[in-house]
file work17.pdb (PDB, C-alpha atoms)
ATOM      1  CA  MET A  25     -40.066  55.753 -63.176
ATOM      2  CA  ALA A  26     -42.441  55.671 -66.116
ATOM      3  CA  VAL A  27     -42.690  52.761 -68.510
ATOM      4  CA  THR A  28     -44.549  53.132 -71.784
ATOM      5  CA  GLU A  29     -45.902  50.318 -73.931
ATOM      6  CA  ALA A  30     -44.883  50.477 -77.595
ATOM      7  CA  ASP A  31     -44.369  48.038 -80.432
ATOM      8  CA  HIS A  32     -41.203  48.199 -82.513
ATOM      9  CA  ASP A  33     -41.661  45.309 -84.929
ATOM     10  CA  SER A  34     -39.640  45.994 -88.053
ATOM     11  CA  ARG A  35     -40.842  42.734 -89.578
ATOM     12  CA  ALA A  36     -44.364  44.135 -89.759
ATOM     13  CA  VAL A  37     -43.550  46.870 -92.264
ATOM     14  CA  ALA A  38     -43.073  46.728 -95.997
ATOM     15  CA  THR A  39     -39.682  46.464 -97.674
ATOM     16  CA  VAL A  40     -38.513  49.138-100.078
ATOM     17  CA  THR A  41     -35.700  49.240-102.587
ATOM     18  CA  THR A  42     -32.447  51.000-101.833
ATOM     19  CA  GLY A  43     -33.321  53.812-104.208
ATOM     20  CA  SER A  44     -36.631  54.714-102.569
ATOM     21  CA  ALA A  45     -35.219  54.218 -99.071
ATOM     22  CA  GLY A  46     -32.627  56.909 -99.785
ATOM     23  CA  LYS A  47     -35.398  59.460-100.345
ATOM     24  CA  ALA A  48     -37.545  58.384 -97.425
ATOM     25  CA  LEU A  49     -37.931  60.311 -94.169
ATOM     26  CA  THR A  50     -36.545  59.096 -90.884
ATOM     27  CA  LEU A  51     -39.201  58.412 -88.272
ATOM     28  CA  ASP A  52     -38.183  61.419 -86.184
ATOM     29  CA  ARG A  53     -38.339  63.745 -89.178
ATOM     30  CA  ALA A  54     -41.634  62.250 -90.361
ATOM     31  CA  ALA A  55     -43.147  62.760 -86.913
ATOM     32  CA  ARG A  56     -42.053  66.403 -86.913
ATOM     33  CA  GLU A  57     -43.379  67.042 -90.401
ATOM     34  CA  LEU A  58     -46.709  65.430 -89.509
ATOM     35  CA  GLY A  59     -47.025  67.455 -86.317
ATOM     36  CA  LEU A  60     -46.961  64.407 -84.015
ATOM     37  CA  ARG A  61     -45.003  63.596 -80.910
ATOM     38  CA  ARG A  62     -42.968  60.415 -81.260
ATOM     39  CA  ALA A  63     -45.358  58.408 -79.070
ATOM     40  CA  GLU A  64     -48.308  59.625 -81.152
ATOM     41  CA  PHE A  65     -46.439  58.728 -84.322
ATOM     42  CA  GLU A  66     -45.676  55.180 -83.114
ATOM     43  CA  LEU A  67     -49.307  54.682 -82.142
ATOM     44  CA  ALA A  68     -50.467  55.928 -85.552
ATOM     45  CA  VAL A  69     -48.152  53.379 -87.179
ATOM     46  CA  ARG A  70     -49.461  50.540 -85.011
ATOM     47  CA  LEU A  71     -53.064  51.459 -85.788
ATOM     48  CA  GLY A  72     -52.350  51.559 -89.513
ATOM     49  CA  HIS A  73     -52.887  55.302 -89.974
ATOM     50  CA  ILE A  74     -49.311  55.803 -91.219
ATOM     51  CA  ARG A  75     -47.592  53.372 -93.573
ATOM     52  CA  VAL A  76     -43.955  52.764 -92.724
ATOM     53  CA  THR A  77     -41.403  51.020 -94.930
ATOM     54  CA  ALA A  78     -38.101  49.351 -94.135
ATOM     55  CA  ASP A  79     -34.894  48.586 -95.950
ATOM     56  CA  ALA A  80     -34.146  45.068 -97.188
ATOM     57  CA  GLY A  81     -32.662  44.040 -93.854
ATOM     58  CA  GLY A  82     -35.545  45.518 -91.913
ATOM     59  CA  ALA A  83     -33.142  47.460 -89.729
ATOM     60  CA  ARG A  84     -34.155  51.025 -90.626
ATOM     61  CA  ARG A  85     -37.754  52.159 -90.837
ATOM     62  CA  ARG A  86     -38.724  55.088 -92.998
ATOM     63  CA  VAL A  87     -41.732  57.001 -94.290
ATOM     64  CA  ILE A  88     -41.706  57.586 -98.027
ATOM     65  CA  PRO A  89     -42.458  61.145 -99.176
ATOM     66  CA  GLU A  90     -45.649  60.028-100.943
ATOM     67  CA  GLU A  91     -47.087  58.777 -97.660
ATOM     68  CA  ALA A  92     -46.284  62.045 -95.903
ATOM     69  CA  ASP A  93     -47.865  63.952 -98.801
ATOM     70  CA  ARG A  94     -50.996  61.775 -98.594
ATOM     71  CA  LEU A  95     -51.415  62.532 -94.916
ATOM     72  CA  ARG A  96     -50.795  66.256 -95.339
ATOM     73  CA  ALA A  97     -53.455  66.353 -98.061
ATOM     74  CA  THR A  98     -56.183  64.979 -95.777
ATOM     75  CA  GLU A  99     -58.878  67.411 -94.648
ATOM     76  CA  GLY A 100     -58.157  69.080 -91.338
ATOM     77  CA  PHE A 101     -54.497  68.054 -91.218
ATOM     78  CA  PRO A 102     -52.774  67.904 -88.774
ATOM     79  CA  ASP A 103     -55.578  68.157 -86.207
ATOM     80  CA  THR A 104     -57.576  65.223 -87.589
ATOM     81  CA  LEU A 105     -54.554  62.921 -87.542
ATOM     82  CA  ARG A 106     -53.599  64.002 -84.044
ATOM     83  CA  GLU A 107     -57.161  63.465 -82.816
ATOM     84  CA  ARG A 108     -57.224  59.903 -84.179
ATOM     85  CA  VAL A 109     -54.322  58.947 -81.899
ATOM     86  CA  ARG A 110     -55.191  61.064 -78.855
ATOM     87  CA  THR A 111     -55.196  58.870 -75.768
ATOM     88  CA  VAL A 112     -56.737  59.468 -72.366
ATOM     89  CA  GLY A 113     -56.385  57.819 -69.000
ATOM     90  CA  THR A 114     -59.234  56.917 -66.685
ATOM     91  CA  ALA A 115     -59.789  60.383 -65.202
ATOM     92  CA  ALA A 116     -59.653  62.189 -68.557
ATOM     93  CA  ALA A 117     -61.845  59.565 -70.230
ATOM     94  CA  ALA A 118     -64.443  59.839 -67.479
ATOM     95  CA  GLU A 119     -64.482  63.631 -67.795
ATOM     96  CA  LEU A 120     -64.795  63.325 -71.572
ATOM     97  CA  ILE A 121     -68.105  61.463 -71.331
ATOM     98  CA  GLY A 122     -69.416  63.010 -68.119
ATOM     99  CA  VAL A 123     -69.163  60.071 -65.707
ATOM    100  CA  SER A 124     -67.223  59.538 -62.516
ATOM    101  CA  PRO A 125     -63.798  57.853 -62.698
ATOM    102  CA  ALA A 126     -65.222  55.035 -60.572
ATOM    103  CA  ARG A 127     -68.019  54.359 -63.063
ATOM    104  CA  PHE A 128     -65.637  54.490 -66.014
ATOM    105  CA  THR A 129     -63.356  52.003 -64.265
ATOM    106  CA  ARG A 130     -66.269  49.644 -63.658
ATOM    107  CA  LEU A 131     -67.291  49.832 -67.328
ATOM    108  CA  ALA A 132     -63.708  49.254 -68.446
ATOM    109  CA  ARG A 133     -63.275  46.290 -66.097
ATOM    110  CA  ALA A 134     -66.510  44.820 -67.475
ATOM    111  CA  GLY A 135     -65.125  44.963 -71.014
ATOM    112  CA  CYS A 136     -66.873  48.037 -72.404
ATOM    113  CA  PHE A 137     -63.640  49.780 -73.387
ATOM    114  CA  THR A 138     -60.552  48.376 -75.088
ATOM    115  CA  PRO A 139     -57.255  49.933 -73.983
ATOM    116  CA  VAL A 140     -54.926  50.889 -76.804
ATOM    117  CA  SER A 141     -51.781  51.116 -74.676
ATOM    118  CA  PHE A 142     -50.560  51.360 -71.117
ATOM    119  CA  ARG A 143     -47.794  52.765 -69.002
ATOM    120  CA  LEU A 144     -46.396  51.832 -65.620
ATOM    121  CA  ASN A 145     -46.183  54.512 -62.967
ATOM    122  CA  ARG A 146     -43.371  54.829 -60.443
ATOM    123  CA  TYR A 147     -44.976  52.095 -58.350
ATOM    124  CA  ARG A 148     -45.163  49.787 -61.389
ATOM    125  CA  ALA A 149     -48.956  49.956 -61.376
ATOM    126  CA  VAL A 150     -50.569  49.624 -64.801
ATOM    127  CA  VAL A 151     -52.145  52.821 -66.122
ATOM    128  CA  TRP A 152     -54.410  51.978 -69.054
ATOM    129  CA  MET A 153     -54.790  54.406 -71.926
ATOM    130  CA  TYR A 154     -57.773  54.616 -74.282
ATOM    131  CA  LEU A 155     -58.391  56.234 -77.638
ATOM    132  CA  ALA A 156     -60.390  59.388 -76.983
ATOM    133  CA  VAL A 157     -62.361  58.924 -80.197
ATOM    134  CA  GLU A 158     -63.511  55.462 -79.098
ATOM    135  CA  VAL A 159     -64.521  56.715 -75.663
ATOM    136  CA  GLU A 160     -66.636  59.423 -77.286
ATOM    137  CA  GLU A 161     -68.175  56.935 -79.722
ATOM    138  CA  PHE A 162     -69.138  54.699 -76.812
ATOM    139  CA  ALA A 163     -70.947  57.582 -75.119
ATOM    140  CA  VAL A 164     -72.922  58.216 -78.310
ATOM    141  CA  ASN A 165     -73.754  54.552 -78.965
ATOM    142  CA  GLN A 166     -74.344  53.394 -75.363
ATOM    143  CA  PRO A 167     -75.824  56.352 -73.449
ATOM    144  CA  ALA A 168     -77.869  54.069 -71.180
ATOM    145  CA  LEU A 169     -74.653  52.683 -69.639
ATOM    146  CA  LEU A 170     -73.511  56.112 -68.512
ATOM    147  CA  THR A 171     -76.222  56.589 -65.905
ATOM    148  CA  GLY A 172     -78.406  54.517 -63.643
ATOM    149  CA  ARG A 173     -77.939  50.942 -62.564
ATOM    150  CA  THR A 174     -75.314  48.811 -64.279
ATOM    151  CA  PRO A 175     -76.940  46.059 -66.411
ATOM    152  CA  GLU A 176     -77.093  42.641 -64.796
ATOM    153  CA  GLU A 177     -74.662  41.022 -67.263
ATOM    154  CA  LEU A 178     -71.952  43.601 -66.600
ATOM    155  CA  ARG A 179     -72.685  43.611 -62.881
ATOM    156  CA  GLY A 180     -72.260  39.837 -62.808
ATOM    157  CA  ARG A 181     -68.799  40.082 -64.323
ATOM    158  CA  LEU A 182     -67.746  42.682 -61.796
ATOM    159  CA  GLU A 183     -69.130  40.742 -58.856
ATOM    160  CA  ALA A 184     -67.203  37.703 -60.089
ATOM    161  CA  GLY A 185     -64.012  39.770 -59.935
ATOM    162  CA  GLU A 186     -63.452  39.822 -63.705
ATOM    163  CA  ASP A 187     -61.289  42.481 -65.295
ATOM    164  CA  TRP A 188     -61.352  42.564 -69.093
ATOM    165  CA  ARG A 189     -58.895  45.418 -69.616
ATOM    166  CA  ALA A 190     -55.737  43.347 -70.076
ATOM    167  CA  ARG A 191     -57.609  40.722 -72.084
ATOM    168  CA  ASN A 192     -59.123  43.294 -74.411
ATOM    169  CA  TRP A 193     -55.738  44.979 -74.841
ATOM    170  CA  ARG A 194     -54.135  41.632 -75.727
ATOM    171  CA  GLY A 195     -56.906  40.981 -78.247
ATOM    172  CA  ARG A 196     -56.448  44.370 -79.876
ATOM    173  CA  ARG A 197     -52.661  44.043 -79.994
ATOM    174  CA  GLN A 198     -52.915  40.571 -81.479
ATOM    175  CA  SER A 199     -55.420  41.703 -84.107
ATOM    176  CA  LEU A 200     -53.114  44.536 -85.178
ATOM    177  CA  LEU A 201     -50.134  42.195 -85.384
ATOM    178  CA  LEU A 202     -52.125  39.640 -87.398
ATOM    179  CA  ARG A 203     -53.200  42.354 -89.809
ATOM    180  CA  ARG A 204     -49.568  43.303 -90.425
ATOM    181  CA  ALA A 205     -48.095  39.783 -90.458
ATOM    182  CA  ASP A 206     -46.527  38.742 -93.746
ATOM    183  CA  GLY A 207     -47.545  35.174 -94.571
ATOM    184  CA  ALA A 208     -49.203  32.211 -92.896
ATOM    185  CA  TRP A 209     -46.213  31.276 -90.728
ATOM    186  CA  ALA A 210     -45.888  34.864 -89.487
ATOM    187  CA  ARG A 211     -49.586  34.863 -88.537
ATOM    188  CA  ALA A 212     -49.111  31.585 -86.698
ATOM    189  CA  ALA A 213     -46.116  33.101 -84.895
ATOM    190  CA  VAL A 214     -48.298  35.952 -83.602
ATOM    191  CA  LEU A 215     -50.696  33.428 -82.084
ATOM    192  CA  ALA A 216     -47.843  31.291 -80.765
ATOM    193  CA  GLY A 217     -46.458  34.319 -78.945
ATOM    194  CA  ALA A 218     -49.413  34.270 -76.549
ATOM    195  CA  LEU A 219     -48.542  30.816 -75.179
ATOM    196  CA  ASP A 220     -45.829  29.922 -72.700
ATOM    197  CA  PRO A 221     -43.189  27.341 -73.757
ATOM    198  CA  VAL A 222     -45.026  24.416 -72.135
ATOM    199  CA  GLN A 223     -48.358  25.225 -73.799
ATOM    200  CA  LEU A 224     -46.634  25.878 -77.116
ATOM    201  CA  ALA A 225     -44.922  22.480 -76.999
ATOM    202  CA  GLU A 226     -48.288  20.829 -76.330
ATOM    203  CA  VAL A 227     -49.787  22.404 -79.453
ATOM    204  CA  VAL A 228     -46.709  22.296 -81.706
ATOM    205  CA  ASP A 229     -44.906  19.005 -81.153
ATOM    206  CA  ASP A 230     -42.373  19.515 -83.967
ATOM    207  CA  PRO A 231     -39.275  21.250 -82.490
ATOM    208  CA  TYR A 232     -38.315  22.708 -85.891
ATOM    209  CA  GLU A 233     -41.719  24.294 -86.251
ATOM    210  CA  ARG A 234     -41.465  25.724 -82.735
ATOM    211  CA  ALA A 235     -38.040  27.148 -83.529
ATOM    212  CA  TYR A 236     -39.374  28.725 -86.730
ATOM    213  CA  LEU A 237     -42.352  30.240 -84.911
ATOM    214  CA  ASN A 238     -40.059  31.660 -82.237
ATOM    215  CA  ARG A 239     -37.875  33.190 -84.944
ATOM    216  CA  LEU A 240     -40.872  34.871 -86.584
ATOM    217  CA  ARG A 241     -42.737  36.013 -83.493
ATOM    218  CA  PRO A 242     -43.123  39.785 -83.051
ATOM    219  CA  GLU A 243     -40.732  41.748 -80.912
ATOM    220  CA  PRO A 244     -41.758  41.894 -77.248
ATOM    221  CA  VAL A 245     -43.404  45.014 -75.931
ATOM    222  CA  ALA A 246     -40.724  47.590 -75.203
ATOM    223  CA  VAL A 247     -40.116  48.554 -71.573
ATOM    224  CA  ARG A 248     -38.620  51.950 -70.841
ATOM    225  CA  PRO A 249     -36.583  52.164 -68.737
ATOM    226  CA  ASP A 250     -36.023  48.428 -68.728
ATOM    227  CA  SER A 251     -35.822  46.640 -65.399
ATOM    228  CA  PRO A 252     -36.531  43.081 -64.256
ATOM    229  CA  ALA A 253     -39.458  44.236 -62.118
ATOM    230  CA  ALA A 254     -41.046  46.218 -64.943
ATOM    231  CA  ARG A 255     -40.481  43.390 -67.430
ATOM    232  CA  GLU A 256     -42.195  40.967 -65.044
ATOM    233  CA  VAL A 257     -45.285  43.183 -64.937
ATOM    234  CA  VAL A 258     -45.382  43.508 -68.731
ATOM    235  CA  ASP A 259     -44.858  39.780 -69.229
ATOM    236  CA  ARG A 260     -47.886  39.118 -67.030
ATOM    237  CA  LEU A 261     -49.959  41.495 -69.146
ATOM    238  CA  LEU A 262     -48.934  39.634 -72.292
ATOM    239  CA  SER A 263     -49.869  36.201 -70.932
ATOM    240  CA  PRO A 264     -53.483  34.959 -71.104
ATOM    241  CA  ASP A 265     -54.666  33.976 -67.648
ATOM    242  CA  ASP A 266     -58.250  32.923 -68.318
ATOM    243  CA  PRO A 267     -59.032  29.332 -69.422
ATOM    244  CA  ASP A 268     -61.334  30.554 -72.200
ATOM    245  CA  GLU A 269     -58.700  32.903 -73.585
ATOM    246  CA  ILE A 270     -56.021  30.208 -73.440
ATOM    247  CA  LEU A 271     -58.392  27.841 -75.230
ATOM    248  CA  TRP A 272     -58.926  30.454 -77.940
ATOM    249  CA  CYS A 273     -55.170  30.907 -78.387
ATOM    250  CA  ARG A 274     -54.518  27.176 -78.627
ATOM    251  CA  THR A 275     -57.313  26.411 -81.061
ATOM    252  CA  SER A 276     -56.564  29.448 -83.208
ATOM    253  CA  LEU A 277     -52.918  28.402 -83.386
ATOM    254  CA  ILE A 278     -53.922  24.912 -84.527
ATOM    255  CA  LEU A 279     -55.942  26.392 -87.379
ATOM    256  CA  ALA A 280     -53.191  28.862 -88.285
ATOM    257  CA  LEU A 281     -50.618  26.068 -88.299
ATOM    258  CA  GLU A 282     -52.738  24.037 -90.674
ATOM    259  CA  GLU A 283     -52.822  26.978 -93.061
ATOM    260  CA  ALA A 284     -49.071  27.500 -92.728
ATOM    261  CA  ARG A 285     -48.240  23.823 -93.238
ATOM    262  CA  ALA A 286     -50.408  23.742 -96.346
ATOM    263  CA  SER A 287     -48.248  26.440 -97.922
ATOM    264  CA  LEU A 288     -44.700  25.726 -96.756
ATOM    265  CA  ASP A 289     -42.736  23.406 -94.526
ATOM    266  CA  ALA A 290     -40.880  24.920 -91.619
ATOM    267  CA  PRO A 291     -37.124  24.885 -92.416
ATOM    268  CA  ARG A 292     -34.875  22.152 -91.096
ATOM    269  CA  PRO A 293     -31.203  22.695 -90.220
ATOM    270  CA  GLY A 294     -29.328  23.622 -93.386
ATOM    271  CA  GLU A 295     -32.539  24.086 -95.370
ATOM    272  CA  GLY A 296     -34.653  27.007 -96.404
ATOM    273  CA  VAL A 297     -38.416  27.027 -96.278
ATOM    274  CA  CYS A 298     -39.596  24.539 -98.881
ATOM    275  CA  PRO A 299     -43.056  24.014-100.452
ATOM    276  CA  ALA A 300     -43.563  20.439 -99.275
ATOM    277  CA  PRO A 301     -46.584  20.488 -96.950
ATOM    278  CA  PRO A 302     -47.028  17.537 -94.609
ATOM    279  CA  ALA A 303     -50.250  15.581 -94.401
ATOM    280  CA  SER A 304     -53.037  17.428 -92.652
ATOM    281  CA  ARG A 305     -54.650  16.277 -89.446
ATOM    282  CA  PRO A 306     -58.360  16.710 -90.176
ATOM    283  CA  GLN A 307     -59.578  15.384 -86.823
ATOM    284  CA  VAL A 308     -57.409  17.811 -84.855
ATOM    285  CA  VAL A 309     -58.323  20.728 -87.099
ATOM    286  CA  GLY A 310     -62.010  19.826 -87.040
ATOM    287  CA  ARG A 311     -62.038  19.761 -83.243
ATOM    288  CA  ALA A 312     -60.204  23.093 -83.154
ATOM    289  CA  ARG A 313     -62.883  24.682 -85.331
ATOM    290  CA  VAL A 314     -65.637  23.336 -83.066
ATOM    291  CA  LEU A 315     -63.885  24.633 -79.940
ATOM    292  CA  LEU A 316     -63.285  28.022 -81.514
ATOM    293  CA  ALA A 317     -66.943  28.297 -82.532
ATOM    294  CA  LYS A 318     -68.015  27.498 -78.952
ATOM    295  CA  TRP A 319     -65.580  30.092 -77.581
ATOM    296  CA  ARG A 320     -66.914  32.770 -79.898
ATOM    297  CA  ARG A 321     -70.481  32.105 -78.753
ATOM    298  CA  ARG A 322     -69.393  32.529 -75.130
ATOM    299  CA  GLU A 323     -67.145  35.551 -75.706
ATOM    300  CA  PRO A 324     -68.927  38.772 -74.707
ATOM    301  CA  GLY A 325     -66.365  41.061 -76.409
ATOM    302  CA  GLY A 326     -65.839  44.755 -75.805
ATOM    303  CA  ALA A 327     -68.657  47.201 -76.305
ATOM    304  CA  SER A 328     -66.371  49.977 -77.495
ATOM    305  CA  GLY A 329     -65.259  50.396 -81.069
ATOM    306  CA  GLY A 330     -61.965  48.603 -80.523
ATOM    307  CA  SER A 331     -60.856  44.998 -80.790
ATOM    308  CA  GLY A 332     -62.140  43.541 -77.554
ATOM    309  CA  GLY A 333     -62.780  40.243 -79.283
ATOM    310  CA  HIS A 334     -60.193  38.304 -81.231
ATOM    311  CA  THR A 335     -59.821  37.938 -84.970
ATOM    312  CA  VAL A 336     -58.461  34.902 -86.758
ATOM    313  CA  ARG A 337     -56.838  35.609 -90.084
TER     314      ARG A 337
END
call {"tool": "encode", "arguments": {"input": "work17.pdb", "output": "structure tokens"}}
result
Amino acid sequence: MAVTEADHDSRAVATVTTGSAGKALTLDRAARELGLRRAEFELAVRLGHIRVTADAGGARRRVIPEEADRLRATEGFPDTLRERVRTVGTAAAAELIGVSPARFTRLARAGCFTPVSFRLNRYRAVVWMYLAVEVEEFAVNQPALLTGRTPEELRGRLEAGEDWRARNWRGRRQSLLLRRADGAWARAAVLAGALDPVQLAEVVDDPYERAYLNRLRPEPVAVRPDSPAAREVVDRLLSPDDPDEILWCRTSLILALEEARASLDAPRPGEGVCPAPPASRPQVVGRARVLLAKWRRREPGGASGGSGGHTVR
């Protein structure tokens, strides 16, 4: 059994009129015309390399001909596009930069590389995948980490049993979703999606706001083939398990909620979203900003070119 991580969030794409949608390419056809396998195409969409549109209901995603033409006109097409989304596992990544798989794993666990996706093997073990271009950039920018003794800071993390791979992947995924979110409430919903129901209720005490956030939150990571055991593994990957990371999620959500409330009220039963912001809570927001600033000072972040740290938008 193989399970592949992929995002299928139709809310994160633009809406097109019926007329333009009729001329747009289906995703399968667009992938073929761009010389990409479907998994490569989906990754290119998530990373923002390919702009995808949707109909008014958001049910059908398409690529407009102008976008396909833009990509075909780029220098080196299709090889350059394919190279931007080429992923490698641990063994291939290690070979790419001339280190042993064991050393690459240690660097990845210490936070030097940010996974872009994962799959589960037949034993439901997580197999992390990395962008080949980022692995190569790391080798160019950090050659001292490829040989010799591991620096004390990284060695301390490893000796403490830390593993930053899942955390860095969550940070990257969240950053991509925030970049594509449409509006302040949608951005807050991305942050809310990282918290379990109990933690969410502690931060968002208004049940109507919680319901609205749940309605707007991105689709869960797809599991193929779906099974309770595989879903349990993926759910664990999606859930922050470090106190610092949970603190970041909670404080960032407080700040995002303040921005959302300042623009629109969450809808009540029988109502639409209305522009009647409630009174702000400056003490709560002020404390959230202080906590977030402290977290950022403590956060080591990934050393690769990805999104090992988090971004608040």
call {"tool": "closest_atom_pairs", "arguments": {"input": "work17.pdb", "of": "region 187-234 of chain A", "to": "region 281-296 of chain A", "cutoff": "6 Å", "atoms": "all atoms listed in the file", "output": "JSON lines"}}
result
{"residue": "A:Ala208", "atom": "CA", "partner": "A:Ala284", "partner_atom": "CA", "distance": 4.7}
{"residue": "A:Trp209", "atom": "CA", "partner": "A:Ala284", "partner_atom": "CA", "distance": 5.1}
{"residue": "A:Ala212", "atom": "CA", "partner": "A:Leu281", "partner_atom": "CA", "distance": 5.9}
{"residue": "A:Glu233", "atom": "CA", "partner": "A:Ala290", "partner_atom": "CA", "distance": 5.5}
call {"tool": "resolve_selection", "arguments": {"input": "work17.pdb", "expression": "the PyMOL selection byres ((chain A and resi 261) around 10)", "output": "count of residues only"}}
result
16
call {"tool": "residues_around", "arguments": {"input": "work17.pdb", "residues": "region 109-118 of chain A", "least_positions_apart": "4", "cutoff": "10 Å", "atoms": "all atoms listed in the file", "output": "number ranges by chain"}}
result
A: 60, 63-69, 71, 73, 104-105, 122-129, 132, 139-143, 151-160, 170
call {"tool": "atom_distance", "arguments": {"input": "work17.pdb", "atom1": "CA of Leu51 (chain A)", "atom2": "CA of Arg75 (chain A)"}}
result
11.1 Å
call {"tool": "atom_distance", "arguments": {"input": "work17.pdb", "atom1": "CA of Ala54 (chain A)", "atom2": "CA of Pro244 (chain A)"}}
result
24.2 Å
call {"tool": "resolve_selection", "arguments": {"input": "work17.pdb", "expression": "the PyMOL selection byres ((chain A and resi 211) around 9)", "output": "JSON, numbers by chain"}}
result
{"A": [201, 202, 203, 204, 205, 206, 207, 208, 209, 210, 212, 213, 214, 215, 216, 240, 241, 277, 280, 281, 284, 337]}
call {"tool": "write_last_selection", "arguments": {"input": "work17.pdb", "atoms": "C-alpha atoms", "output": "mmCIF file, keeping the file's coordinate frame"}}
result
data_model
loop_
_atom_site.group_PDB
_atom_site.id
_atom_site.type_symbol
_atom_site.label_atom_id
_atom_site.label_comp_id
_atom_site.auth_asym_id
_atom_site.auth_seq_id
_atom_site.Cartn_x
_atom_site.Cartn_y
_atom_site.Cartn_z
ATOM 1 C CA LEU A 201 -50.134 42.195 -85.384
ATOM 2 C CA LEU A 202 -52.125 39.640 -87.398
ATOM 3 C CA ARG A 203 -53.200 42.354 -89.809
ATOM 4 C CA ARG A 204 -49.568 43.303 -90.425
ATOM 5 C CA ALA A 205 -48.095 39.783 -90.458
ATOM 6 C CA ASP A 206 -46.527 38.742 -93.746
ATOM 7 C CA GLY A 207 -47.545 35.174 -94.571
ATOM 8 C CA ALA A 208 -49.203 32.211 -92.896
ATOM 9 C CA TRP A 209 -46.213 31.276 -90.728
ATOM 10 C CA ALA A 210 -45.888 34.864 -89.487
ATOM 11 C CA ALA A 212 -49.111 31.585 -86.698
ATOM 12 C CA ALA A 213 -46.116 33.101 -84.895
ATOM 13 C CA VAL A 214 -48.298 35.952 -83.602
ATOM 14 C CA LEU A 215 -50.696 33.428 -82.084
ATOM 15 C CA ALA A 216 -47.843 31.291 -80.765
ATOM 16 C CA LEU A 240 -40.872 34.871 -86.584
ATOM 17 C CA ARG A 241 -42.737 36.013 -83.493
ATOM 18 C CA LEU A 277 -52.918 28.402 -83.386
ATOM 19 C CA ALA A 280 -53.191 28.862 -88.285
ATOM 20 C CA LEU A 281 -50.618 26.068 -88.299
ATOM 21 C CA ALA A 284 -49.071 27.500 -92.728
ATOM 22 C CA ARG A 337 -56.838 35.609 -90.084
#
call {"tool": "atom_distance", "arguments": {"input": "work17.pdb", "atom1": "CA of Glu90 (chain A)", "atom2": "CA of Leu49 (chain A)"}}
result
10.3 Å
call {"tool": "closest_residue", "arguments": {"input": "work17.pdb", "among": "A:Leu131, A:Cys273, A:Leu95, A:Leu144", "to": "Ala218 (chain A)", "atoms": "all atoms listed in the file"}}
result
A:Cys273
call {"tool": "residues_near_point", "arguments": {"input": "work17.pdb", "point": "(-45.5, 56.0, -94.0)", "cutoff": "8 Å", "atoms": "only C-alpha atoms", "output": "CSV table (one decimal) with C-alpha atoms, in the frame of the given file"}}
result
chain,number,residue,atom,x,y,z
A,69,VAL,CA,-48.2,53.4,-87.2
A,74,ILE,CA,-49.3,55.8,-91.2
A,75,ARG,CA,-47.6,53.4,-93.6
A,76,VAL,CA,-44.0,52.8,-92.7
A,77,THR,CA,-41.4,51.0,-94.9
A,86,ARG,CA,-38.7,55.1,-93.0
A,87,VAL,CA,-41.7,57.0,-94.3
A,88,ILE,CA,-41.7,57.6,-98.0
A,89,PRO,CA,-42.5,61.1,-99.2
A,91,GLU,CA,-47.1,58.8,-97.7
A,92,ALA,CA,-46.3,62.0,-95.9
call {"tool": "closest_residue", "arguments": {"input": "work17.pdb", "among": "A:Thr174, A:Thr98, A:Arg130, A:Ala254", "to": "Glu186 (chain A)", "atoms": "only C-alpha atoms"}}
result
A:Arg130
call {"tool": "closest_residue", "arguments": {"input": "work17.pdb", "among": "A:Cys136, A:Leu279, A:Thr171, A:Glu119", "to": "Val227 (chain A)", "atoms": "all atoms listed in the file"}}
result
A:Leu279
call {"tool": "build_atoms", "arguments": {"input": "work17.pdb", "residues": "region 247-253 of chain A", "atoms": "N, CA, C and O atoms", "output": "PDB file, in the frame of the given file"}}
result
ATOM      1  N   VAL A 247     -40.006  48.064 -72.944  1.00  0.00           N
ATOM      2  CA  VAL A 247     -40.116  48.554 -71.573  1.00  0.00           C
ATOM      3  C   VAL A 247     -39.071  49.637 -71.385  1.00  0.00           C
ATOM      4  O   VAL A 247     -37.882  49.391 -71.575  1.00  0.00           O
ATOM      5  N   ARG A 248     -39.543  50.839 -71.035  1.00  0.00           N
ATOM      6  CA  ARG A 248     -38.620  51.950 -70.841  1.00  0.00           C
ATOM      7  C   ARG A 248     -38.911  52.651 -69.515  1.00  0.00           C
ATOM      8  O   ARG A 248     -40.056  53.069 -69.303  1.00  0.00           O
ATOM      9  N   PRO A 249     -37.884  52.834 -68.677  1.00  0.00           N
ATOM     10  CA  PRO A 249     -36.583  52.164 -68.737  1.00  0.00           C
ATOM     11  C   PRO A 249     -36.725  50.703 -68.365  1.00  0.00           C
ATOM     12  O   PRO A 249     -37.614  50.343 -67.582  1.00  0.00           O
ATOM     13  N   ASP A 250     -35.901  49.869 -68.936  1.00  0.00           N
ATOM     14  CA  ASP A 250     -36.023  48.428 -68.728  1.00  0.00           C
ATOM     15  C   ASP A 250     -35.514  48.055 -67.338  1.00  0.00           C
ATOM     16  O   ASP A 250     -34.502  48.568 -66.872  1.00  0.00           O
ATOM     17  N   SER A 251     -36.233  47.167 -66.698  1.00  0.00           N
ATOM     18  CA  SER A 251     -35.822  46.640 -65.399  1.00  0.00           C
ATOM     19  C   SER A 251     -36.497  45.298 -65.227  1.00  0.00           C
ATOM     20  O   SER A 251     -37.574  45.056 -65.791  1.00  0.00           O
ATOM     21  N   PRO A 252     -35.901  44.389 -64.467  1.00  0.00           N
ATOM     22  CA  PRO A 252     -36.531  43.081 -64.256  1.00  0.00           C
ATOM     23  C   PRO A 252     -37.933  43.182 -63.669  1.00  0.00           C
ATOM     24  O   PRO A 252     -38.833  42.441 -64.070  1.00  0.00           O
ATOM     25  N   ALA A 253     -38.140  44.109 -62.746  1.00  0.00           N
ATOM     26  CA  ALA A 253     -39.458  44.236 -62.118  1.00  0.00           C
ATOM     27  C   ALA A 253     -40.492  44.722 -63.121  1.00  0.00           C
ATOM     28  O   ALA A 253     -41.613  44.207 -63.178  1.00  0.00           O
TER      29      ALA A 253
END
